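To start, the structure under review is shown below, and the notes come after it.
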Amino acid sequence: VQLQASGGGLVQPGGSLRLSCAASGIIFGIYTKNWYRQAPGKQRELVAAFTPGGNTNYADSVRGRFAISRDNAKNTVYLQMNSLKPEDTAVYYCNVRLGTSGQYDYWGQGTLVTVSS
């Protein structure tokens, strides 16, 4: 199983970025797709989730600014980030998870997003 994240970079406050995460080696459609982030000195936090049934969930801090989506045909999950703030600066990780046992829980390598003027 491989997850390849991309799309991070440096952006000014108020700007936008779109992260992508391409998965291989799994039946993509049956997994919950998640984006997490970890800022320096802070714990990793869940930013957005997309369930197999099509439901989405967001952290309060990003709701209304970020949007998670997926393309099952391309085995790819996206995170559209708008109105970025300096506090959004973090390493962003994609994750796919099936069930709660931890047996089917896979992570991408992380992509750095820096929001700064």
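Identifiers in this document derive from the order of the structure tokens: chains are assigned A, B, ..., residues are numbered from 1 separately in each chain, and ligands are numbered from 1 in order of occurrence.
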
Write out as a PyMOL selection string the set of residues from chain A that DSSP, computed on the backbone, places in helix (DSSP H, G or I). chain A and resi 28-30+86-88

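Within 9 Å of A:Thr114, once only C-alpha atoms are used and residues closer than 6 positions along the same chain are dropped, the contacting residues are Gly8, Gly9, Leu10, Val11, Gln12, Pro86, Asp88, Thr89, Ala90 and Val91 of chain A.
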
Would you export the selected residues with N, CA, C and O atoms as an mmCIF file, in the first residue's frame, please?
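Here's the written file out_5.cif:
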```cif
data_model
loop_
_atom_site.group_PDB
_atom_site.id
_atom_site.type_symbol
_atom_site.label_atom_id
_atom_site.label_comp_id
_atom_site.auth_asym_id
_atom_site.auth_seq_id
_atom_site.Cartn_x
_atom_site.Cartn_y
_atom_site.Cartn_z
ATOM 1 N N GLY A 8 1.756 20.704 -1.335
ATOM 2 C CA GLY A 8 2.123 21.677 -0.323
ATOM 3 C C GLY A 8 3.026 22.769 -0.884
ATOM 4 O O GLY A 8 3.486 22.685 -2.020
ATOM 5 N N GLY A 9 3.248 23.777 -0.063
ATOM 6 C CA GLY A 9 4.111 24.860 -0.497
ATOM 7 C C GLY A 9 3.922 26.085 0.364
ATOM 8 O O GLY A 9 3.285 26.036 1.419
ATOM 9 N N LEU A 10 4.484 27.176 -0.100
ATOM 10 C CA LEU A 10 4.400 28.464 0.586
ATOM 11 C C LEU A 10 3.294 29.300 -0.052
ATOM 12 O O LEU A 10 3.259 29.453 -1.287
ATOM 13 N N VAL A 11 2.420 29.831 0.777
ATOM 14 C CA VAL A 11 1.315 30.644 0.273
ATOM 15 C C VAL A 11 1.107 31.810 1.227
ATOM 16 O O VAL A 11 1.347 31.684 2.435
ATOM 17 N N GLN A 12 0.651 32.919 0.692
ATOM 18 C CA GLN A 12 0.378 34.082 1.521
ATOM 19 C C GLN A 12 -0.955 33.926 2.253
ATOM 20 O O GLN A 12 -1.845 33.200 1.781
ATOM 21 N N PRO A 86 -2.049 31.947 8.853
ATOM 22 C CA PRO A 86 -0.744 31.486 9.353
ATOM 23 C C PRO A 86 -0.864 30.276 10.275
ATOM 24 O O PRO A 86 0.020 29.406 10.272
ATOM 25 N N ASP A 88 -2.625 27.797 9.911
ATOM 26 C CA ASP A 88 -2.785 26.576 9.127
ATOM 27 C C ASP A 88 -1.433 25.964 8.755
ATOM 28 O O ASP A 88 -1.382 24.858 8.193
ATOM 29 N N THR A 89 -0.364 26.662 9.057
ATOM 30 C CA THR A 89 0.969 26.149 8.758
ATOM 31 C C THR A 89 1.212 24.844 9.507
ATOM 32 O O THR A 89 1.056 24.781 10.729
ATOM 33 N N ALA A 90 1.556 23.809 8.761
ATOM 34 C CA ALA A 90 1.737 22.479 9.350
ATOM 35 C C ALA A 90 2.191 21.520 8.260
ATOM 36 O O ALA A 90 2.146 21.842 7.064
ATOM 37 N N VAL A 91 2.606 20.351 8.702
ATOM 38 C CA VAL A 91 2.778 19.232 7.771
ATOM 39 C C VAL A 91 1.431 18.516 7.696
ATOM 40 O O VAL A 91 0.852 18.167 8.726
#
```

Once DSSP has gone over the backbone, tell me which residues of chain A are in strand (DSSP E), as a PyMOL selection string. chain A and resi 2-6+9-11+17-24+32-38+45-50+56-58+66-71+76-81+90-98+104-107+111-115

Please provide the set of residues having any atom within 10 Å of A:Cys94, restricted to only C-alpha atoms, with same-chain residues fewer than 5 positions apart removed, written as a PDB file with all heavy atoms, in the first residue's frame.
```pdb
ATOM      1  N   LEU A   3       0.668   5.653  -0.263  1.00  0.00           N
ATOM      2  CA  LEU A   3      -0.045   6.915  -0.351  1.00  0.00           C
ATOM      3  C   LEU A   3       0.975   7.992  -0.672  1.00  0.00           C
ATOM      4  O   LEU A   3       1.955   8.147   0.056  1.00  0.00           O
ATOM      5  CB  LEU A   3      -0.755   7.254   0.970  1.00  0.00           C
ATOM      6  CG  LEU A   3      -1.834   6.294   1.462  1.00  0.00           C
ATOM      7  CD1 LEU A   3      -2.370   6.753   2.800  1.00  0.00           C
ATOM      8  CD2 LEU A   3      -2.952   6.189   0.448  1.00  0.00           C
ATOM      9  N   GLN A   4       0.740   8.722  -1.761  1.00  0.00           N
ATOM     10  CA  GLN A   4       1.674   9.747  -2.203  1.00  0.00           C
ATOM     11  C   GLN A   4       0.981  11.098  -2.150  1.00  0.00           C
ATOM     12  O   GLN A   4       0.111  11.389  -2.973  1.00  0.00           O
ATOM     13  CB  GLN A   4       2.154   9.456  -3.617  1.00  0.00           C
ATOM     14  CG  GLN A   4       3.197  10.430  -4.142  1.00  0.00           C
ATOM     15  CD  GLN A   4       4.502  10.342  -3.390  1.00  0.00           C
ATOM     16  OE1 GLN A   4       4.991   9.253  -3.097  1.00  0.00           O
ATOM     17  NE2 GLN A   4       5.066  11.495  -3.041  1.00  0.00           N
ATOM     18  N   ALA A   5       1.391  11.915  -1.179  1.00  0.00           N
ATOM     19  CA  ALA A   5       0.804  13.245  -1.016  1.00  0.00           C
ATOM     20  C   ALA A   5       1.617  14.283  -1.770  1.00  0.00           C
ATOM     21  O   ALA A   5       2.843  14.178  -1.877  1.00  0.00           O
ATOM     22  CB  ALA A   5       0.729  13.609   0.458  1.00  0.00           C
ATOM     23  N   SER A   6       0.922  15.294  -2.260  1.00  0.00           N
ATOM     24  CA  SER A   6       1.586  16.389  -2.973  1.00  0.00           C
ATOM     25  C   SER A   6       0.738  17.645  -2.873  1.00  0.00           C
ATOM     26  O   SER A   6      -0.417  17.596  -2.447  1.00  0.00           O
ATOM     27  CB  SER A   6       1.796  16.017  -4.444  1.00  0.00           C
ATOM     28  OG  SER A   6       0.555  15.771  -5.075  1.00  0.00           O
ATOM     29  N   LEU A  19      -4.224  20.115  -1.912  1.00  0.00           N
ATOM     30  CA  LEU A  19      -3.408  18.938  -1.665  1.00  0.00           C
ATOM     31  C   LEU A  19      -4.042  17.734  -2.341  1.00  0.00           C
ATOM     32  O   LEU A  19      -5.269  17.629  -2.419  1.00  0.00           O
ATOM     33  CB  LEU A  19      -3.284  18.676  -0.168  1.00  0.00           C
ATOM     34  CG  LEU A  19      -2.786  19.830   0.702  1.00  0.00           C
ATOM     35  CD1 LEU A  19      -2.655  19.361   2.151  1.00  0.00           C
ATOM     36  CD2 LEU A  19      -1.465  20.368   0.192  1.00  0.00           C
ATOM     37  N   SER A  20      -3.186  16.840  -2.800  1.00  0.00           N
ATOM     38  CA  SER A  20      -3.644  15.595  -3.411  1.00  0.00           C
ATOM     39  C   SER A  20      -2.955  14.431  -2.727  1.00  0.00           C
ATOM     40  O   SER A  20      -1.828  14.555  -2.241  1.00  0.00           O
ATOM     41  CB  SER A  20      -3.303  15.571  -4.906  1.00  0.00           C
ATOM     42  OG  SER A  20      -3.907  16.630  -5.597  1.00  0.00           O
ATOM     43  N   CYS A  21      -3.626  13.304  -2.721  1.00  0.00           N
ATOM     44  CA  CYS A  21      -3.043  12.085  -2.160  1.00  0.00           C
ATOM     45  C   CYS A  21      -3.513  10.914  -3.002  1.00  0.00           C
ATOM     46  O   CYS A  21      -4.701  10.585  -3.002  1.00  0.00           O
ATOM     47  CB  CYS A  21      -3.454  11.918  -0.712  1.00  0.00           C
ATOM     48  SG  CYS A  21      -2.809  10.416   0.062  1.00  0.00           S
ATOM     49  N   ALA A  22      -2.581  10.320  -3.708  1.00  0.00           N
ATOM     50  CA  ALA A  22      -2.889   9.199  -4.578  1.00  0.00           C
ATOM     51  C   ALA A  22      -2.561   7.892  -3.865  1.00  0.00           C
ATOM     52  O   ALA A  22      -1.453   7.729  -3.338  1.00  0.00           O
ATOM     53  CB  ALA A  22      -2.093   9.299  -5.871  1.00  0.00           C
ATOM     54  N   ALA A  23      -3.513   6.986  -3.864  1.00  0.00           N
ATOM     55  CA  ALA A  23      -3.357   5.714  -3.168  1.00  0.00           C
ATOM     56  C   ALA A  23      -3.216   4.576  -4.163  1.00  0.00           C
ATOM     57  O   ALA A  23      -3.785   4.616  -5.258  1.00  0.00           O
ATOM     58  CB  ALA A  23      -4.562   5.460  -2.267  1.00  0.00           C
ATOM     59  N   LYS A  33     -11.264   8.307   4.113  1.00  0.00           N
ATOM     60  CA  LYS A  33     -10.091   9.092   3.737  1.00  0.00           C
ATOM     61  C   LYS A  33      -9.999  10.295   4.667  1.00  0.00           C
ATOM     62  O   LYS A  33     -10.996  10.993   4.884  1.00  0.00           O
ATOM     63  CB  LYS A  33     -10.192   9.607   2.303  1.00  0.00           C
ATOM     64  CG  LYS A  33     -10.195   8.532   1.235  1.00  0.00           C
ATOM     65  CD  LYS A  33     -11.568   7.944   1.034  1.00  0.00           C
ATOM     66  CE  LYS A  33     -11.639   7.063  -0.188  1.00  0.00           C
ATOM     67  NZ  LYS A  33     -12.900   6.290  -0.209  1.00  0.00           N
ATOM     68  N   ASN A  34      -8.834  10.515   5.198  1.00  0.00           N
ATOM     69  CA  ASN A  34      -8.629  11.576   6.183  1.00  0.00           C
ATOM     70  C   ASN A  34      -7.434  12.438   5.809  1.00  0.00           C
ATOM     71  O   ASN A  34      -6.469  11.949   5.235  1.00  0.00           O
ATOM     72  CB  ASN A  34      -8.360  10.989   7.569  1.00  0.00           C
ATOM     73  CG  ASN A  34      -9.444  10.048   8.037  1.00  0.00           C
ATOM     74  OD1 ASN A  34     -10.596  10.439   8.172  1.00  0.00           O
ATOM     75  ND2 ASN A  34      -9.085   8.806   8.297  1.00  0.00           N
ATOM     76  N   TRP A  35      -7.525  13.684   6.196  1.00  0.00           N
ATOM     77  CA  TRP A  35      -6.366  14.578   6.187  1.00  0.00           C
ATOM     78  C   TRP A  35      -6.109  14.999   7.634  1.00  0.00           C
ATOM     79  O   TRP A  35      -7.031  15.460   8.330  1.00  0.00           O
ATOM     80  CB  TRP A  35      -6.598  15.811   5.331  1.00  0.00           C
ATOM     81  CG  TRP A  35      -6.509  15.559   3.864  1.00  0.00           C
ATOM     82  CD1 TRP A  35      -7.538  15.358   2.992  1.00  0.00           C
ATOM     83  CD2 TRP A  35      -5.311  15.490   3.086  1.00  0.00           C
ATOM     84  NE1 TRP A  35      -7.051  15.163   1.723  1.00  0.00           N
ATOM     85  CE2 TRP A  35      -5.701  15.235   1.752  1.00  0.00           C
ATOM     86  CE3 TRP A  35      -3.949  15.616   3.377  1.00  0.00           C
ATOM     87  CZ2 TRP A  35      -4.757  15.109   0.706  1.00  0.00           C
ATOM     88  CZ3 TRP A  35      -3.036  15.489   2.343  1.00  0.00           C
ATOM     89  CH2 TRP A  35      -3.433  15.241   1.028  1.00  0.00           C
ATOM     90  N   TYR A  36      -4.879  14.826   8.068  1.00  0.00           N
ATOM     91  CA  TYR A  36      -4.426  15.276   9.371  1.00  0.00           C
ATOM     92  C   TYR A  36      -3.363  16.359   9.153  1.00  0.00           C
ATOM     93  O   TYR A  36      -2.812  16.501   8.072  1.00  0.00           O
ATOM     94  CB  TYR A  36      -3.776  14.135  10.154  1.00  0.00           C
ATOM     95  CG  TYR A  36      -4.723  13.110  10.719  1.00  0.00           C
ATOM     96  CD1 TYR A  36      -5.271  12.120   9.912  1.00  0.00           C
ATOM     97  CD2 TYR A  36      -5.039  13.105  12.072  1.00  0.00           C
ATOM     98  CE1 TYR A  36      -6.130  11.160  10.439  1.00  0.00           C
ATOM     99  CE2 TYR A  36      -5.893  12.145  12.616  1.00  0.00           C
ATOM    100  CZ  TYR A  36      -6.426  11.174  11.792  1.00  0.00           C
ATOM    101  OH  TYR A  36      -7.267  10.231  12.316  1.00  0.00           O
ATOM    102  N   ARG A  37      -3.076  17.077  10.212  1.00  0.00           N
ATOM    103  CA  ARG A  37      -1.956  18.004  10.161  1.00  0.00           C
ATOM    104  C   ARG A  37      -1.268  18.054  11.514  1.00  0.00           C
ATOM    105  O   ARG A  37      -1.875  17.768  12.544  1.00  0.00           O
ATOM    106  CB  ARG A  37      -2.404  19.406   9.748  1.00  0.00           C
ATOM    107  CG  ARG A  37      -3.267  20.139  10.774  1.00  0.00           C
ATOM    108  CD  ARG A  37      -3.731  21.476  10.205  1.00  0.00           C
ATOM    109  NE  ARG A  37      -4.559  22.211  11.154  1.00  0.00           N
ATOM    110  CZ  ARG A  37      -5.203  23.339  10.861  1.00  0.00           C
ATOM    111  NH1 ARG A  37      -5.117  23.863   9.634  1.00  0.00           N
ATOM    112  NH2 ARG A  37      -5.926  23.936  11.775  1.00  0.00           N
ATOM    113  N   LEU A  46      -6.887  15.808  13.398  1.00  0.00           N
ATOM    114  CA  LEU A  46      -7.706  15.493  12.234  1.00  0.00           C
ATOM    115  C   LEU A  46      -8.298  16.778  11.672  1.00  0.00           C
ATOM    116  O   LEU A  46      -8.937  17.545  12.395  1.00  0.00           O
ATOM    117  CB  LEU A  46      -8.823  14.527  12.619  1.00  0.00           C
ATOM    118  CG  LEU A  46      -9.785  14.133  11.509  1.00  0.00           C
ATOM    119  CD1 LEU A  46      -9.068  13.381  10.391  1.00  0.00           C
ATOM    120  CD2 LEU A  46     -10.920  13.281  12.086  1.00  0.00           C
ATOM    121  N   VAL A  47      -8.100  17.002  10.390  1.00  0.00           N
ATOM    122  CA  VAL A  47      -8.583  18.207   9.723  1.00  0.00           C
ATOM    123  C   VAL A  47      -9.893  17.937   8.987  1.00  0.00           C
ATOM    124  O   VAL A  47     -10.843  18.705   9.096  1.00  0.00           O
ATOM    125  CB  VAL A  47      -7.526  18.719   8.730  1.00  0.00           C
ATOM    126  CG1 VAL A  47      -8.061  19.898   7.921  1.00  0.00           C
ATOM    127  CG2 VAL A  47      -6.255  19.121   9.461  1.00  0.00           C
ATOM    128  N   ALA A  48      -9.936  16.846   8.244  1.00  0.00           N
ATOM    129  CA  ALA A  48     -11.118  16.556   7.435  1.00  0.00           C
ATOM    130  C   ALA A  48     -11.188  15.065   7.172  1.00  0.00           C
ATOM    131  O   ALA A  48     -10.160  14.393   7.092  1.00  0.00           O
ATOM    132  CB  ALA A  48     -11.075  17.317   6.112  1.00  0.00           C
ATOM    133  N   ALA A  49     -12.412  14.571   7.014  1.00  0.00           N
ATOM    134  CA  ALA A  49     -12.629  13.159   6.756  1.00  0.00           C
ATOM    135  C   ALA A  49     -13.711  12.980   5.704  1.00  0.00           C
ATOM    136  O   ALA A  49     -14.650  13.777   5.627  1.00  0.00           O
ATOM    137  CB  ALA A  49     -13.024  12.433   8.032  1.00  0.00           C
ATOM    138  N   VAL A  77      -7.540  11.384  -3.082  1.00  0.00           N
ATOM    139  CA  VAL A  77      -8.290  12.252  -2.189  1.00  0.00           C
ATOM    140  C   VAL A  77      -7.630  13.629  -2.216  1.00  0.00           C
ATOM    141  O   VAL A  77      -6.403  13.733  -2.322  1.00  0.00           O
ATOM    142  CB  VAL A  77      -8.367  11.681  -0.761  1.00  0.00           C
ATOM    143  CG1 VAL A  77      -6.994  11.450  -0.156  1.00  0.00           C
ATOM    144  CG2 VAL A  77      -9.206  12.567   0.144  1.00  0.00           C
ATOM    145  N   TYR A  78      -8.460  14.656  -2.150  1.00  0.00           N
ATOM    146  CA  TYR A  78      -7.997  16.026  -2.249  1.00  0.00           C
ATOM    147  C   TYR A  78      -8.388  16.814  -1.001  1.00  0.00           C
ATOM    148  O   TYR A  78      -9.350  16.489  -0.308  1.00  0.00           O
ATOM    149  CB  TYR A  78      -8.628  16.719  -3.470  1.00  0.00           C
ATOM    150  CG  TYR A  78      -8.397  16.005  -4.774  1.00  0.00           C
ATOM    151  CD1 TYR A  78      -9.355  15.127  -5.294  1.00  0.00           C
ATOM    152  CD2 TYR A  78      -7.218  16.195  -5.494  1.00  0.00           C
ATOM    153  CE1 TYR A  78      -9.147  14.473  -6.499  1.00  0.00           C
ATOM    154  CE2 TYR A  78      -7.006  15.545  -6.699  1.00  0.00           C
ATOM    155  CZ  TYR A  78      -7.973  14.682  -7.188  1.00  0.00           C
ATOM    156  OH  TYR A  78      -7.757  14.019  -8.381  1.00  0.00           O
ATOM    157  N   LEU A  79      -7.623  17.866  -0.755  1.00  0.00           N
ATOM    158  CA  LEU A  79      -8.000  18.826   0.266  1.00  0.00           C
ATOM    159  C   LEU A  79      -7.814  20.218  -0.335  1.00  0.00           C
ATOM    160  O   LEU A  79      -6.685  20.654  -0.546  1.00  0.00           O
ATOM    161  CB  LEU A  79      -7.149  18.681   1.535  1.00  0.00           C
ATOM    162  CG  LEU A  79      -7.567  19.584   2.686  1.00  0.00           C
ATOM    163  CD1 LEU A  79      -8.949  19.155   3.222  1.00  0.00           C
ATOM    164  CD2 LEU A  79      -6.546  19.549   3.818  1.00  0.00           C
ATOM    165  N   TYR A 106      -3.357   3.378   6.934  1.00  0.00           N
ATOM    166  CA  TYR A 106      -2.177   3.706   6.132  1.00  0.00           C
ATOM    167  C   TYR A 106      -1.994   5.217   6.042  1.00  0.00           C
ATOM    168  O   TYR A 106      -2.973   5.969   5.965  1.00  0.00           O
ATOM    169  CB  TYR A 106      -2.313   3.098   4.736  1.00  0.00           C
ATOM    170  CG  TYR A 106      -2.588   1.608   4.756  1.00  0.00           C
ATOM    171  CD1 TYR A 106      -3.846   1.109   4.443  1.00  0.00           C
ATOM    172  CD2 TYR A 106      -1.582   0.708   5.104  1.00  0.00           C
ATOM    173  CE1 TYR A 106      -4.104  -0.258   4.462  1.00  0.00           C
ATOM    174  CE2 TYR A 106      -1.832  -0.662   5.134  1.00  0.00           C
ATOM    175  CZ  TYR A 106      -3.093  -1.137   4.815  1.00  0.00           C
ATOM    176  OH  TYR A 106      -3.337  -2.486   4.844  1.00  0.00           O
ATOM    177  N   TRP A 107      -0.711   5.633   5.999  1.00  0.00           N
ATOM    178  CA  TRP A 107      -0.374   7.054   6.019  1.00  0.00           C
ATOM    179  C   TRP A 107       0.508   7.427   4.842  1.00  0.00           C
ATOM    180  O   TRP A 107       1.383   6.658   4.443  1.00  0.00           O
ATOM    181  CB  TRP A 107       0.367   7.394   7.314  1.00  0.00           C
ATOM    182  CG  TRP A 107      -0.487   7.276   8.536  1.00  0.00           C
ATOM    183  CD1 TRP A 107      -0.745   6.146   9.253  1.00  0.00           C
ATOM    184  CD2 TRP A 107      -1.194   8.325   9.176  1.00  0.00           C
ATOM    185  NE1 TRP A 107      -1.575   6.436  10.307  1.00  0.00           N
ATOM    186  CE2 TRP A 107      -1.865   7.772  10.283  1.00  0.00           C
ATOM    187  CE3 TRP A 107      -1.328   9.695   8.934  1.00  0.00           C
ATOM    188  CZ2 TRP A 107      -2.665   8.529  11.148  1.00  0.00           C
ATOM    189  CZ3 TRP A 107      -2.120  10.456   9.781  1.00  0.00           C
ATOM    190  CH2 TRP A 107      -2.775   9.880  10.885  1.00  0.00           C
ATOM    191  N   GLY A 108       0.294   8.635   4.345  1.00  0.00           N
ATOM    192  CA  GLY A 108       1.203   9.210   3.377  1.00  0.00           C
ATOM    193  C   GLY A 108       2.395   9.844   4.075  1.00  0.00           C
ATOM    194  O   GLY A 108       2.462   9.886   5.315  1.00  0.00           O
ATOM    195  N   GLN A 109       3.313  10.393   3.302  1.00  0.00           N
ATOM    196  CA  GLN A 109       4.582  10.875   3.842  1.00  0.00           C
ATOM    197  C   GLN A 109       4.512  12.293   4.387  1.00  0.00           C
ATOM    198  O   GLN A 109       5.446  12.728   5.034  1.00  0.00           O
ATOM    199  CB  GLN A 109       5.674  10.825   2.760  1.00  0.00           C
ATOM    200  CG  GLN A 109       5.714  11.997   1.815  1.00  0.00           C
ATOM    201  CD  GLN A 109       4.648  11.959   0.738  1.00  0.00           C
ATOM    202  OE1 GLN A 109       3.693  11.171   0.767  1.00  0.00           O
ATOM    203  NE2 GLN A 109       4.797  12.834  -0.252  1.00  0.00           N
ATOM    204  N   GLY A 110       3.434  13.006   4.161  1.00  0.00           N
ATOM    205  CA  GLY A 110       3.333  14.365   4.657  1.00  0.00           C
ATOM    206  C   GLY A 110       3.795  15.377   3.630  1.00  0.00           C
ATOM    207  O   GLY A 110       4.775  15.141   2.902  1.00  0.00           O
ATOM    208  N   THR A 111       3.111  16.493   3.600  1.00  0.00           N
ATOM    209  CA  THR A 111       3.497  17.596   2.715  1.00  0.00           C
ATOM    210  C   THR A 111       3.368  18.895   3.508  1.00  0.00           C
ATOM    211  O   THR A 111       2.389  19.108   4.212  1.00  0.00           O
ATOM    212  CB  THR A 111       2.637  17.616   1.429  1.00  0.00           C
ATOM    213  OG1 THR A 111       3.108  18.629   0.546  1.00  0.00           O
ATOM    214  CG2 THR A 111       1.153  17.825   1.708  1.00  0.00           C
TER     215      THR A 111
END
```

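The residue set within 10 Å of A:Ser24, counting only C-alpha atoms and dropping same-chain residues fewer than 6 places from it, reads Val1, Gln2, Leu3, Gln4, Lys74, Asn75 and Thr76 of chain A.
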
Selected residues written out with N, CA and C atoms, as a PDB file, in the first residue's frame:
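out26.pdb, written as the output of this step:
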```pdb
ATOM      1  N   VAL A   1       0.847  -1.185   0.000  1.00  0.00           N
ATOM      2  CA  VAL A   1       0.000   0.000   0.000  1.00  0.00           C
ATOM      3  C   VAL A   1       0.890   1.245   0.000  1.00  0.00           C
ATOM      4  N   GLN A   2       0.557   2.174  -0.879  1.00  0.00           N
ATOM      5  CA  GLN A   2       1.301   3.432  -0.928  1.00  0.00           C
ATOM      6  C   GLN A   2       0.343   4.599  -1.009  1.00  0.00           C
ATOM      7  N   LEU A   3       0.668   5.653  -0.263  1.00  0.00           N
ATOM      8  CA  LEU A   3      -0.045   6.915  -0.351  1.00  0.00           C
ATOM      9  C   LEU A   3       0.975   7.992  -0.672  1.00  0.00           C
ATOM     10  N   GLN A   4       0.740   8.722  -1.761  1.00  0.00           N
ATOM     11  CA  GLN A   4       1.674   9.747  -2.203  1.00  0.00           C
ATOM     12  C   GLN A   4       0.981  11.098  -2.150  1.00  0.00           C
ATOM     13  N   LYS A  74      -9.608   7.638  -9.749  1.00  0.00           N
ATOM     14  CA  LYS A  74      -8.173   7.941  -9.727  1.00  0.00           C
ATOM     15  C   LYS A  74      -7.522   7.528  -8.415  1.00  0.00           C
ATOM     16  N   ASN A  75      -8.296   6.934  -7.508  1.00  0.00           N
ATOM     17  CA  ASN A  75      -7.778   6.551  -6.185  1.00  0.00           C
ATOM     18  C   ASN A  75      -7.089   7.730  -5.495  1.00  0.00           C
ATOM     19  N   THR A  76      -7.715   8.876  -5.573  1.00  0.00           N
ATOM     20  CA  THR A  76      -7.101  10.099  -5.066  1.00  0.00           C
ATOM     21  C   THR A  76      -8.077  10.865  -4.172  1.00  0.00           C
TER      22      THR A  76
END
```

As an exercise, work out the distance from atom CA of A:Val96 to atom CA of A:Pro13 in Å and give it to one decimal place. 29.0 Å
